>>> print(open('data-v6.cif').read())   # mmCIF, C-alpha atoms
data_target
loop_
_atom_site.label_atom_id
_atom_site.label_comp_id
_atom_site.auth_asym_id
_atom_site.auth_seq_id
_atom_site.Cartn_x
_atom_site.Cartn_y
_atom_site.Cartn_z
CA MET A 1 0.00 0.00 0.00
CA THR A 2 1.24 3.49 -0.77
CA THR A 3 -0.21 6.90 0.05
CA LYS A 4 1.02 10.46 -0.61
CA ILE A 5 2.56 12.28 2.36
CA PRO A 6 3.64 15.94 2.57
CA ILE A 7 7.31 16.25 3.50
CA GLU A 8 8.48 19.29 5.43
CA ILE A 9 12.08 20.34 5.87
CA SER A 10 13.26 21.42 9.30
CA ALA A 11 16.12 23.86 9.06
CA ARG A 12 18.28 24.29 12.16
CA HIS A 13 16.39 25.90 15.04
CA ILE A 14 16.15 26.19 18.82
CA HIS A 15 13.31 25.63 21.30
CA LEU A 16 13.75 27.51 24.60
CA CYS A 17 12.54 26.86 28.13
CA ARG A 18 11.25 29.80 30.19
CA GLU A 19 14.48 30.12 32.18
CA ASP A 20 16.74 30.18 29.12
CA LEU A 21 14.44 32.61 27.26
CA ASP A 22 14.70 34.96 30.27
CA LYS A 23 18.50 34.71 30.35
CA LEU A 24 18.88 35.29 26.60
CA PHE A 25 16.17 37.92 25.99
CA GLY A 26 15.34 39.33 29.42
CA SER A 27 13.04 38.43 32.31
CA GLY A 28 9.45 37.64 31.26
CA TYR A 29 10.23 38.06 27.57
CA GLU A 30 7.51 36.86 25.15
CA LEU A 31 8.37 35.44 21.70
CA LYS A 32 6.81 37.24 18.74
CA ILE A 33 5.15 35.05 16.08
CA LYS A 34 6.76 35.46 12.68
CA LYS A 35 5.06 32.52 10.95
CA ASP A 36 2.81 29.69 12.07
CA LEU A 37 4.19 26.22 11.35
CA SER A 38 2.18 23.24 10.16
CA GLN A 39 1.93 21.56 13.56
CA GLU A 40 -0.78 23.25 15.65
CA GLY A 41 0.52 25.97 18.01
CA GLU A 42 4.11 25.81 16.75
CA PHE A 43 5.58 28.95 15.21
CA ALA A 44 8.80 30.41 13.88
CA SER A 45 9.42 33.45 16.08
CA GLU A 46 10.93 36.79 15.14
CA GLU A 47 13.77 36.02 17.55
CA THR A 48 17.10 34.43 16.70
CA VAL A 49 20.17 33.53 18.76
CA THR A 50 23.83 32.83 18.06
CA LEU A 51 25.32 29.37 18.56
CA ILE A 52 29.03 29.60 19.35
CA GLY A 53 31.00 26.47 18.51
CA PRO A 54 34.67 25.61 18.88
CA LYS A 55 35.21 25.82 15.09
CA ASN A 56 32.56 28.22 13.79
CA THR A 57 29.55 30.24 14.90
CA ILE A 58 26.01 30.00 13.55
CA GLU A 59 24.31 33.39 13.47
CA LYS A 60 20.55 33.85 13.30
CA LEU A 61 19.56 30.47 14.68
CA ARG A 62 15.76 30.72 14.61
CA VAL A 63 13.82 30.33 17.85
CA VAL A 64 10.74 28.12 17.39
CA GLY A 65 7.91 28.76 19.87
CA PRO A 66 6.05 28.31 22.11
CA ILE A 67 8.42 27.79 25.05
CA ARG A 68 9.04 24.17 26.04
CA GLU A 69 9.94 22.41 29.24
CA LYS A 70 13.50 21.88 28.05
CA THR A 71 15.71 23.85 25.69
CA GLN A 72 16.50 21.87 22.55
CA VAL A 73 18.67 22.75 19.55
CA GLU A 74 18.15 20.84 16.29
CA LEU A 75 21.05 20.91 13.84
CA SER A 76 21.98 18.94 10.73
CA TYR A 77 25.20 16.90 10.48
CA SER A 78 26.49 19.58 8.08
CA ASP A 79 25.84 22.23 10.74
CA CYS A 80 27.58 20.15 13.43
CA PHE A 81 30.64 19.65 11.25
CA PHE A 82 30.73 23.41 10.54
CA VAL A 83 30.32 24.30 14.22
CA GLY A 84 32.77 21.62 15.34
CA ILE A 85 30.64 19.61 17.77
CA ASP A 86 29.74 15.95 17.95
CA VAL A 87 25.96 15.56 18.18
CA PRO A 88 23.83 12.42 18.51
CA LEU A 89 20.84 11.44 16.35
CA ARG A 90 17.79 11.60 18.63
CA LEU A 91 14.03 11.84 18.64
CA SER A 92 12.83 15.31 19.59
CA GLY A 93 12.51 15.50 23.39
CA ASP A 94 15.14 12.82 24.04
CA VAL A 95 17.92 15.19 25.12
CA ALA A 96 19.47 13.42 28.14
CA GLY A 97 23.21 13.14 27.56
CA SER A 98 23.04 14.87 24.18
CA ALA A 99 25.53 17.55 23.11
CA GLY A 100 26.07 20.95 24.70
CA ALA A 101 26.70 24.39 23.21
CA LYS A 102 27.12 28.04 24.06
CA ILE A 103 24.15 30.19 23.02
CA ALA A 104 24.10 33.99 22.96
CA GLY A 105 21.07 36.26 22.87
CA PRO A 106 20.71 40.05 22.95
CA VAL A 107 20.65 40.17 26.78
CA GLY A 108 22.78 37.25 27.93
CA GLU A 109 24.43 33.91 27.25
CA ILE A 110 23.76 30.34 28.34
CA GLU A 111 26.04 27.34 28.40
CA LEU A 112 23.86 24.34 27.51
CA LYS A 113 25.12 21.13 29.13
CA GLU A 114 22.82 19.07 26.89
CA GLY A 115 19.96 19.66 24.44
CA VAL A 116 21.73 19.73 21.08
CA ILE A 117 20.53 16.91 18.80
CA ILE A 118 20.26 15.90 15.18
CA ALA A 119 16.56 15.11 14.84
CA LYS A 120 15.53 11.64 13.71
CA ARG A 121 13.23 11.80 10.74
CA HIS A 122 9.66 11.31 11.84
CA LEU A 123 6.07 11.28 10.66
CA HIS A 124 3.42 13.32 12.50
CA LEU A 125 -0.04 11.76 12.59
CA ASN A 126 -3.14 12.38 14.68
CA PRO A 127 -4.90 9.28 16.04
CA LYS A 128 -7.49 9.28 13.22
CA GLU A 129 -4.78 9.46 10.53
CA ALA A 130 -2.80 6.75 12.31
CA ASP A 131 -5.86 4.48 12.43
CA GLU A 132 -6.53 4.97 8.74
CA LEU A 133 -2.96 3.94 7.95
CA ASN A 134 -2.99 1.17 10.55
CA LEU A 135 0.01 2.72 12.30
CA LYS A 136 0.80 3.39 15.94
CA ASN A 137 3.23 5.56 17.88
CA ASN A 138 6.91 4.51 17.41
CA ASP A 139 6.23 2.37 14.32
CA LEU A 140 8.90 2.69 11.63
CA VAL A 141 7.83 3.45 8.06
CA LYS A 142 9.46 4.16 4.69
CA ILE A 143 8.90 7.17 2.47
CA LYS A 144 9.96 7.22 -1.16
CA VAL A 145 10.83 10.55 -2.77
CA ILE A 146 10.48 10.61 -6.55
CA GLY A 147 12.89 12.64 -8.70
CA GLU A 148 16.35 12.85 -10.21
CA ARG A 149 17.80 12.49 -6.70
CA GLY A 150 15.03 10.13 -5.64
CA LEU A 151 15.53 7.90 -2.63
CA VAL A 152 13.67 5.91 -0.01
CA PHE A 153 14.00 7.11 3.59
CA GLU A 154 13.79 4.13 5.93
CA ASN A 155 13.35 4.09 9.73
CA ILE A 156 10.98 7.06 9.86
CA VAL A 157 9.52 7.12 13.37
CA VAL A 158 5.74 7.50 13.63
CA ARG A 159 4.65 10.09 16.24
CA VAL A 160 0.97 10.09 17.13
CA LYS A 161 -0.63 12.96 19.10
CA PRO A 162 -4.12 14.48 19.03
CA ASN A 163 -2.94 17.90 17.79
CA PHE A 164 -0.60 16.53 15.10
CA LYS A 165 -1.24 16.85 11.39
CA LYS A 166 -0.06 14.37 8.73
CA SER A 167 3.44 15.47 7.69
CA ALA A 168 6.89 13.90 7.55
CA HIS A 169 9.78 15.95 8.89
CA ILE A 170 13.32 15.63 7.58
CA ASP A 171 16.34 17.91 8.04
CA THR A 172 18.19 19.96 5.45
CA ASP A 173 20.85 17.29 4.77
CA GLU A 174 18.12 14.77 4.08
CA ALA A 175 16.23 17.25 1.90
CA ASN A 176 19.39 18.08 -0.06
CA ALA A 177 20.19 14.40 -0.52
CA ALA A 178 16.70 13.87 -1.93
CA GLY A 179 16.88 16.96 -4.16
CA LEU A 180 13.91 18.55 -2.41
CA GLY A 181 13.37 22.28 -2.50
CA LYS A 182 13.94 24.70 0.35
CA VAL A 183 10.45 24.48 1.76
CA CYS A 184 8.76 21.15 1.17
CA GLY A 185 8.05 18.30 -1.19
CA LYS A 186 5.95 15.19 -1.55
CA GLY A 187 6.72 11.58 -0.91
CA GLU A 188 4.98 8.26 -1.09
CA LEU A 189 4.55 6.49 2.21
CA ILE A 190 5.22 2.81 1.59
CA LEU A 191 3.51 0.42 3.98
CA GLU A 192 4.64 -3.14 3.73
CA MET B 1 20.12 -9.93 -6.38
CA THR B 2 22.14 -7.93 -3.90
CA THR B 3 25.88 -7.47 -3.54
CA LYS B 4 28.01 -5.37 -1.14
CA ILE B 5 29.45 -2.16 -2.56
CA PRO B 6 31.92 0.23 -0.91
CA ILE B 7 30.53 3.75 -0.66
CA GLU B 8 32.91 6.69 -0.74
CA ILE B 9 32.04 10.24 0.23
CA SER B 10 33.19 13.08 -1.99
CA ALA B 11 33.66 16.25 -0.02
CA ARG B 12 33.68 19.51 -1.99
CA HIS B 13 36.70 19.81 -4.28
CA ILE B 14 38.02 21.33 -7.50
CA HIS B 15 39.66 19.84 -10.60
CA LEU B 16 41.80 22.32 -12.55
CA CYS B 17 42.78 22.59 -16.21
CA ARG B 18 46.38 23.54 -17.07
CA GLU B 19 45.50 27.15 -17.85
CA ASP B 20 43.61 27.74 -14.58
CA LEU B 21 46.30 25.98 -12.53
CA ASP B 22 48.84 28.38 -14.07
CA LYS B 23 46.73 31.42 -13.26
CA LEU B 24 46.06 30.36 -9.67
CA PHE B 25 49.45 28.88 -8.72
CA GLY B 26 51.91 30.22 -11.31
CA SER B 27 53.07 29.22 -14.78
CA GLY B 28 54.01 25.52 -15.11
CA TYR B 29 53.01 24.73 -11.52
CA GLU B 30 52.82 21.03 -10.61
CA LEU B 31 50.35 19.72 -8.02
CA LYS B 32 51.86 17.86 -5.07
CA ILE B 33 50.26 14.54 -4.11
CA LYS B 34 48.88 14.58 -0.56
CA LYS B 35 46.92 11.31 -0.75
CA ASP B 36 46.02 8.86 -3.49
CA LEU B 37 42.29 8.35 -3.99
CA SER B 38 40.58 5.06 -4.75
CA GLN B 39 40.20 5.67 -8.48
CA GLU B 40 43.52 4.99 -10.26
CA GLY B 41 45.67 8.08 -10.83
CA GLU B 42 43.39 10.43 -8.88
CA PHE B 43 44.82 12.20 -5.85
CA ALA B 44 44.01 14.83 -3.25
CA SER B 45 46.74 17.43 -3.72
CA GLU B 46 48.46 19.55 -1.09
CA GLU B 47 46.98 22.61 -2.79
CA THR B 48 43.74 24.36 -1.88
CA VAL B 49 41.97 27.41 -3.30
CA THR B 50 39.33 29.85 -2.06
CA LEU B 51 35.85 29.97 -3.62
CA ILE B 52 34.33 33.41 -3.27
CA GLY B 53 30.54 33.50 -3.38
CA PRO B 54 28.04 36.33 -3.13
CA LYS B 55 26.98 35.25 0.39
CA ASN B 56 29.98 33.44 1.87
CA THR B 57 33.45 32.21 1.01
CA ILE B 58 34.75 28.64 1.18
CA GLU B 59 38.37 28.51 2.29
CA LYS B 60 40.64 25.53 1.69
CA LEU B 61 38.72 24.01 -1.21
CA ARG B 62 40.85 20.96 -2.00
CA VAL B 63 42.38 20.59 -5.48
CA VAL B 64 42.03 17.02 -6.80
CA GLY B 65 44.63 16.00 -9.38
CA PRO B 66 45.77 15.26 -11.98
CA ILE B 67 44.90 18.25 -14.16
CA ARG B 68 41.86 17.81 -16.41
CA GLU B 69 40.76 19.24 -19.73
CA LYS B 70 38.19 21.45 -18.03
CA THR B 71 38.07 23.00 -14.58
CA GLN B 72 35.25 21.55 -12.49
CA VAL B 73 34.09 22.38 -8.96
CA GLU B 74 31.98 19.83 -7.08
CA LEU B 75 29.92 21.20 -4.18
CA SER B 76 27.03 19.89 -2.09
CA TYR B 77 23.65 21.64 -1.94
CA SER B 78 24.57 22.70 1.62
CA ASP B 79 27.75 24.32 0.27
CA CYS B 80 25.82 26.10 -2.51
CA PHE B 81 23.30 27.49 -0.05
CA PHE B 82 26.15 28.70 2.18
CA VAL B 83 28.02 30.27 -0.74
CA GLY B 84 24.85 31.72 -2.24
CA ILE B 85 24.93 30.26 -5.75
CA ASP B 86 22.42 28.18 -7.69
CA VAL B 87 24.11 25.04 -9.00
CA PRO B 88 22.71 22.22 -11.16
CA LEU B 89 22.91 18.48 -10.46
CA ARG B 90 25.18 17.01 -13.15
CA LEU B 91 27.31 14.03 -14.00
CA SER B 92 31.01 14.77 -13.63
CA GLY B 93 32.28 16.19 -16.94
CA ASP B 94 28.91 17.61 -17.99
CA VAL B 95 29.70 21.23 -17.21
CA ALA B 96 28.22 23.13 -20.21
CA GLY B 97 25.91 25.84 -18.89
CA SER B 98 26.56 24.92 -15.24
CA ALA B 99 27.21 27.53 -12.55
CA GLY B 100 30.14 29.96 -12.36
CA ALA B 101 32.24 31.17 -9.43
CA LYS B 102 35.23 33.26 -8.50
CA ILE B 103 38.26 31.22 -7.43
CA ALA B 104 41.37 32.60 -5.76
CA GLY B 105 44.77 30.94 -5.48
CA PRO B 106 48.07 32.13 -4.01
CA VAL B 107 49.17 33.75 -7.30
CA GLY B 108 45.99 34.88 -9.02
CA GLU B 109 42.26 34.66 -9.44
CA ILE B 110 39.94 33.21 -12.07
CA GLU B 111 36.31 33.95 -12.83
CA LEU B 112 34.75 30.64 -13.90
CA LYS B 113 31.90 31.13 -16.35
CA GLU B 114 30.82 27.52 -15.84
CA GLY B 115 32.15 24.34 -14.21
CA VAL B 116 30.44 24.38 -10.82
CA ILE B 117 28.17 21.35 -10.34
CA ILE B 118 26.57 19.20 -7.69
CA ALA B 119 27.72 15.72 -8.67
CA LYS B 120 25.12 13.07 -9.41
CA ARG B 121 25.68 9.98 -7.32
CA HIS B 122 27.39 7.33 -9.40
CA LEU B 123 28.91 3.87 -9.30
CA HIS B 124 32.41 3.29 -10.69
CA LEU B 125 32.95 -0.11 -12.30
CA ASN B 126 35.57 -1.53 -14.63
CA PRO B 127 34.28 -3.58 -17.59
CA LYS B 128 34.90 -6.91 -15.81
CA GLU B 129 32.98 -5.76 -12.70
CA ALA B 130 30.18 -4.41 -14.90
CA ASP B 131 29.91 -7.73 -16.75
CA GLU B 132 29.74 -9.68 -13.50
CA LEU B 133 26.84 -7.48 -12.35
CA ASN B 134 25.25 -7.46 -15.81
CA LEU B 135 25.44 -3.66 -15.89
CA LYS B 136 26.50 -1.21 -18.60
CA ASN B 137 27.52 2.44 -18.72
CA ASN B 138 24.65 4.85 -17.84
CA ASP B 139 22.45 2.18 -16.24
CA LEU B 140 20.66 3.34 -13.10
CA VAL B 141 20.94 1.23 -9.93
CA LYS B 142 19.83 1.40 -6.30
CA ILE B 143 22.04 1.16 -3.23
CA LYS B 144 20.63 0.50 0.22
CA VAL B 145 22.49 1.79 3.26
CA ILE B 146 21.76 -0.08 6.49
CA GLY B 147 21.61 1.75 9.82
CA GLU B 148 19.63 4.04 12.08
CA ARG B 149 19.49 6.57 9.25
CA GLY B 150 19.25 3.85 6.62
CA LEU B 151 17.93 4.69 3.18
CA VAL B 152 17.92 3.52 -0.41
CA PHE B 153 19.64 5.79 -2.93
CA GLU B 154 17.89 5.47 -6.29
CA ASN B 155 19.05 6.71 -9.71
CA ILE B 156 22.73 5.96 -9.17
CA VAL B 157 24.42 6.28 -12.55
CA VAL B 158 26.74 3.43 -13.57
CA ARG B 159 30.08 4.66 -15.01
CA VAL B 160 32.20 2.00 -16.70
CA LYS B 161 35.87 2.64 -17.60
CA PRO B 162 38.89 0.32 -17.77
CA ASN B 163 40.77 2.09 -14.95
CA PHE B 164 37.77 2.31 -12.59
CA LYS B 165 37.41 0.34 -9.39
CA LYS B 166 34.12 -0.76 -7.85
CA SER B 167 32.95 2.07 -5.61
CA ALA B 168 29.84 4.23 -5.28
CA HIS B 169 30.38 7.97 -4.84
CA ILE B 170 27.98 10.19 -2.95
CA ASP B 171 28.40 13.73 -1.63
CA THR B 172 28.49 14.94 1.97
CA ASP B 173 24.76 15.81 2.10
CA GLU B 174 23.92 12.31 0.94
CA ALA B 175 26.37 10.78 3.41
CA ASN B 176 24.93 12.85 6.26
CA ALA B 177 21.38 11.90 5.31
CA ALA B 178 22.39 8.24 5.42
CA GLY B 179 24.26 8.62 8.72
CA LEU B 180 27.53 7.53 7.13
CA GLY B 181 30.86 8.48 8.66
CA LYS B 182 33.23 11.10 7.37
CA VAL B 183 35.20 8.74 5.20
CA CYS B 184 33.20 5.85 3.84
CA GLY B 185 30.64 3.17 4.49
CA LYS B 186 29.10 0.08 2.92
CA GLY B 187 25.91 -0.39 1.05
CA GLU B 188 24.03 -3.17 -0.66
CA LEU B 189 23.64 -2.80 -4.38
CA ILE B 190 20.13 -3.91 -5.23
CA LEU B 191 19.65 -5.23 -8.75
CA GLU B 192 16.07 -5.77 -9.80
#
>>> encode(input="data-v6.cif", output="structure tokens")
Amino acid sequence: MTTKIPIEISARHIHLCREDLDKLFGSGYELKIKKDLSQEGEFASEETVTLIGPKNTIEKLRVVGPIREKTQVELSYSDCFFVGIDVPLRLSGDVAGSAGAKIAGPVGEIELKEGVIIAKRHLHLNPKEADELNLKNNDLVKIKVIGERGLVFENIVVRVKPNFKKSAHIDTDEANAAGLGKVCGKGELILE
Amino acid sequence: MTTKIPIEISARHIHLCREDLDKLFGSGYELKIKKDLSQEGEFASEETVTLIGPKNTIEKLRVVGPIREKTQVELSYSDCFFVGIDVPLRLSGDVAGSAGAKIAGPVGEIELKEGVIIAKRHLHLNPKEADELNLKNNDLVKIKVIGERGLVFENIVVRVKPNFKKSAHIDTDEANAAGLGKVCGKGELILE
């Protein structure tokens, strides 16, 4: 069985907890919405920070809101190589023992002990969509991208939550490897 | 049918013609071998150049020898985005109408009108290896990479030449998307 799935490309970004937002932007600071993202409530904010690595610095690292319980930075392998840090491949939220980094904002700096990850590719589904596809949380699926640089992504982790919307998320390295544009593309979900 | 194939990762590099080598490094300059590469006669040289883009500059772009008939720069999509130039996906050697760039060496600079490409993934085979796999030049094959970031690269172009050695070449974006290390990995060639 195959079905068409929208693929979205996550460029590098940072999620901040209340405490770190205060340190970087000032006490009680509120993020300003620049653009709503496809997953309900998530938005690219007007705010950016600087990630300072041992080899290079990434300017204008976009803050994605709303605030979360834990600060999390999502980079690509290309970013990590550029910055000069060794970062594990993790599911979003699984930050224990991940990489650290120094982050600077307009008001202050933080030294993250952990929270920097390369995000595992994943497929967002709400429970109704999951039922229709006969999938459950943590299942692994394949998505085939058609094109000159076509490929089949394996080991895509299914994430089911009530407020999710059907969409596969890959990072910029994965998008570049598949020849997908800067914003998004389409793939065929292959269920075996 | 499946068979194991070594996968090699091509980082960004430049091949120079005699004329451009002269302009960048001085008349009659000879490249110094730093490290032999897997394909017979090819080597990473001691020499590097600077690629100057509208957005950013890439320092230490490795020169790969020996000299060729035409100058050719091979970048990844990530590199092109960083540098700020729009570059087509091409087979090595197919540079007509490709992207241009400004290149600086220790002695002089050149303004390439064309020659900058993103290399299509390809599989090097000598005629004996091709016969054994029942493949011919320009065939398209698939290679599956096993692992947490496993995927199947489709549309890999078969290149057959007497001095070639069995090895698939992908770029750094493709390697990162597949979770392969900095140097090389293994894949399974899938013949259908």
>>> residues_around(input="data-v6.cif", residues="His124 (chain A)", least_positions_apart="5", cutoff="6 Å", atoms="all atoms listed in the file", output="MDAnalysis selection string")
chainID A and resid 159 164:167
>>> residues_around(input="data-v6.cif", residues="region 10-12 of chain A", least_positions_apart="2", cutoff="8 Å", atoms="only C-alpha atoms", output="PyMOL selection string")
chain A and resi 8+14+61-62+73-76+79+169-172
>>> resolve_selection(input="data-v6.cif", expression="the PyMOL selection byres ((chain B) within 9 of (chain A))", output="MDAnalysis selection string")
chainID B and resid 76:78 89 120:121 142 144 147:156 171:179
>>> resolve_selection(input="data-v6.cif", expression="the PyMOL selection byres ((chain A and resi 18) around 8)", output="PDB file with C-alpha atoms, in the frame of the given file")
ATOM      1  CA  LEU A  16      13.750  27.510  24.600  1.00  0.00           C
ATOM      2  CA  CYS A  17      12.540  26.860  28.130  1.00  0.00           C
ATOM      3  CA  GLU A  19      14.480  30.120  32.180  1.00  0.00           C
ATOM      4  CA  ASP A  20      16.740  30.180  29.120  1.00  0.00           C
ATOM      5  CA  LEU A  21      14.440  32.610  27.260  1.00  0.00           C
ATOM      6  CA  ASP A  22      14.700  34.960  30.270  1.00  0.00           C
ATOM      7  CA  ILE A  67       8.420  27.790  25.050  1.00  0.00           C
ATOM      8  CA  ARG A  68       9.040  24.170  26.040  1.00  0.00           C
ATOM      9  CA  GLU A  69       9.940  22.410  29.240  1.00  0.00           C
TER      10      GLU A  69
END
>>> resolve_selection(input="data-v6.cif", expression="the PyMOL selection byres ((chain A and resi 43) around 10)", output="list of chain:residue names")
A:Leu31, A:Lys32, A:Ile33, A:Lys34, A:Lys35, A:Asp36, A:Leu37, A:Ser38, A:Gln39, A:Glu40, A:Gly41, A:Glu42, A:Ala44, A:Ser45, A:Glu46, A:Val63, A:Val64, A:Gly65, A:Pro66
>>> closest_residue(input="data-v6.cif", among="B:Leu191, B:Thr71, B:Ala168, B:Gly181", to="Asp86 (chain A)", atoms="only C-alpha atoms")
B:Gly181
>>> residues_around(input="data-v6.cif", residues="Lys186 (chain B)", least_positions_apart="4", cutoff="6 Å", atoms="all atoms listed in the file", output="PyMOL selection string")
chain B and resi 5-7
>>> axis_aligned_box(input="data-v6.cif", around="region 53-64 of chain B", padding_each_side="4 Å", output="lines of an AutoDock Vina configuration file")
center_x = 34.7
center_y = 26.7
center_z = -2.3
size_x = 23.4
size_y = 27.3
size_z = 17.1
>>> atom_distance(input="data-v6.cif", atom1="CA of Thr48 (chain A)", atom2="CA of Glu111 (chain A)")
16.3 Å
>>> residues_near_point(input="data-v6.cif", point="(30.2, 33.3, 0.0)", cutoff="10 Å", atoms="only C-alpha atoms", output="PyMOL selection string")
chain B and resi 50-59+79-85+101-102
>>> atom_distance(input="data-v6.cif", atom1="CA of Val49 (chain A)", atom2="CA of Leu91 (chain A)")
22.5 Å
>>> atom_distance(input="data-v6.cif", atom1="CA of Leu24 (chain B)", atom2="CA of Val116 (chain B)")
16.8 Å
>>> residues_near_point(input="data-v6.cif", point="(19.4, 34.6, 29.0)", cutoff="9 Å", atoms="all atoms listed in the file", output="compact mmCIF listing (two decimals) with C-alpha atoms, in the coordinates of the input")
# COMPACT_ATOMS: atom_id res chain seq x y z
CA GLU A 19 14.48 30.12 32.18
CA ASP A 20 16.74 30.18 29.12
CA LEU A 21 14.44 32.61 27.26
CA ASP A 22 14.70 34.96 30.27
CA LYS A 23 18.50 34.71 30.35
CA LEU A 24 18.88 35.29 26.60
CA PHE A 25 16.17 37.92 25.99
CA GLY A 26 15.34 39.33 29.42
CA SER A 27 13.04 38.43 32.31
CA ILE A 103 24.15 30.19 23.02
CA ALA A 104 24.10 33.99 22.96
CA GLY A 105 21.07 36.26 22.87
CA PRO A 106 20.71 40.05 22.95
CA VAL A 107 20.65 40.17 26.78
CA GLY A 108 22.78 37.25 27.93
CA GLU A 109 24.43 33.91 27.25
CA ILE A 110 23.76 30.34 28.34
>>> build_atoms(input="data-v6.cif", residues="region 130-148 of chain B", atoms="N, CA and C atoms", output="compact mmCIF listing (two decimals), in the coordinates of the input")
# COMPACT_ATOMS: atom_id res chain seq x y z
N ALA B 130 31.49 -4.70 -14.29
CA ALA B 130 30.18 -4.41 -14.90
C ALA B 130 29.57 -5.69 -15.48
N ASP B 131 30.40 -6.47 -16.17
CA ASP B 131 29.91 -7.73 -16.75
C ASP B 131 29.38 -8.67 -15.67
N GLU B 132 30.15 -8.79 -14.59
CA GLU B 132 29.74 -9.68 -13.50
C GLU B 132 28.39 -9.29 -12.91
N LEU B 133 28.11 -7.97 -12.91
CA LEU B 133 26.84 -7.48 -12.35
C LEU B 133 25.78 -7.29 -13.43
N ASN B 134 26.15 -7.62 -14.68
CA ASN B 134 25.25 -7.46 -15.81
C ASN B 134 24.78 -6.01 -15.95
N LEU B 135 25.74 -5.09 -15.78
CA LEU B 135 25.44 -3.66 -15.89
C LEU B 135 26.25 -3.05 -17.02
N LYS B 136 25.74 -1.95 -17.59
CA LYS B 136 26.50 -1.21 -18.60
C LYS B 136 26.50 0.28 -18.27
N ASN B 137 27.38 1.01 -18.93
CA ASN B 137 27.52 2.44 -18.72
C ASN B 137 26.16 3.13 -18.82
N ASN B 138 25.89 4.06 -17.90
CA ASN B 138 24.65 4.85 -17.84
C ASN B 138 23.43 4.11 -17.29
N ASP B 139 23.55 2.84 -16.94
CA ASP B 139 22.45 2.18 -16.24
C ASP B 139 22.21 2.90 -14.91
N LEU B 140 20.99 2.77 -14.41
CA LEU B 140 20.66 3.34 -13.10
C LEU B 140 20.45 2.19 -12.11
N VAL B 141 21.08 2.28 -10.95
CA VAL B 141 20.94 1.23 -9.93
C VAL B 141 20.55 1.85 -8.59
N LYS B 142 20.20 0.98 -7.65
CA LYS B 142 19.83 1.40 -6.30
C LYS B 142 20.86 0.87 -5.31
N ILE B 143 21.18 1.65 -4.30
CA ILE B 143 22.04 1.16 -3.23
C ILE B 143 21.38 1.44 -1.89
N LYS B 144 21.26 0.39 -1.10
CA LYS B 144 20.63 0.50 0.22
C LYS B 144 21.71 0.63 1.28
N VAL B 145 21.57 1.62 2.14
CA VAL B 145 22.49 1.79 3.26
C VAL B 145 21.76 1.36 4.52
N ILE B 146 22.37 0.43 5.27
CA ILE B 146 21.76 -0.08 6.49
C ILE B 146 22.15 0.81 7.66
N GLY B 147 21.26 0.99 8.63
CA GLY B 147 21.61 1.75 9.82
C GLY B 147 20.44 2.55 10.33
N GLU B 148 20.69 3.25 11.45
CA GLU B 148 19.63 4.04 12.08
C GLU B 148 19.06 5.07 11.10
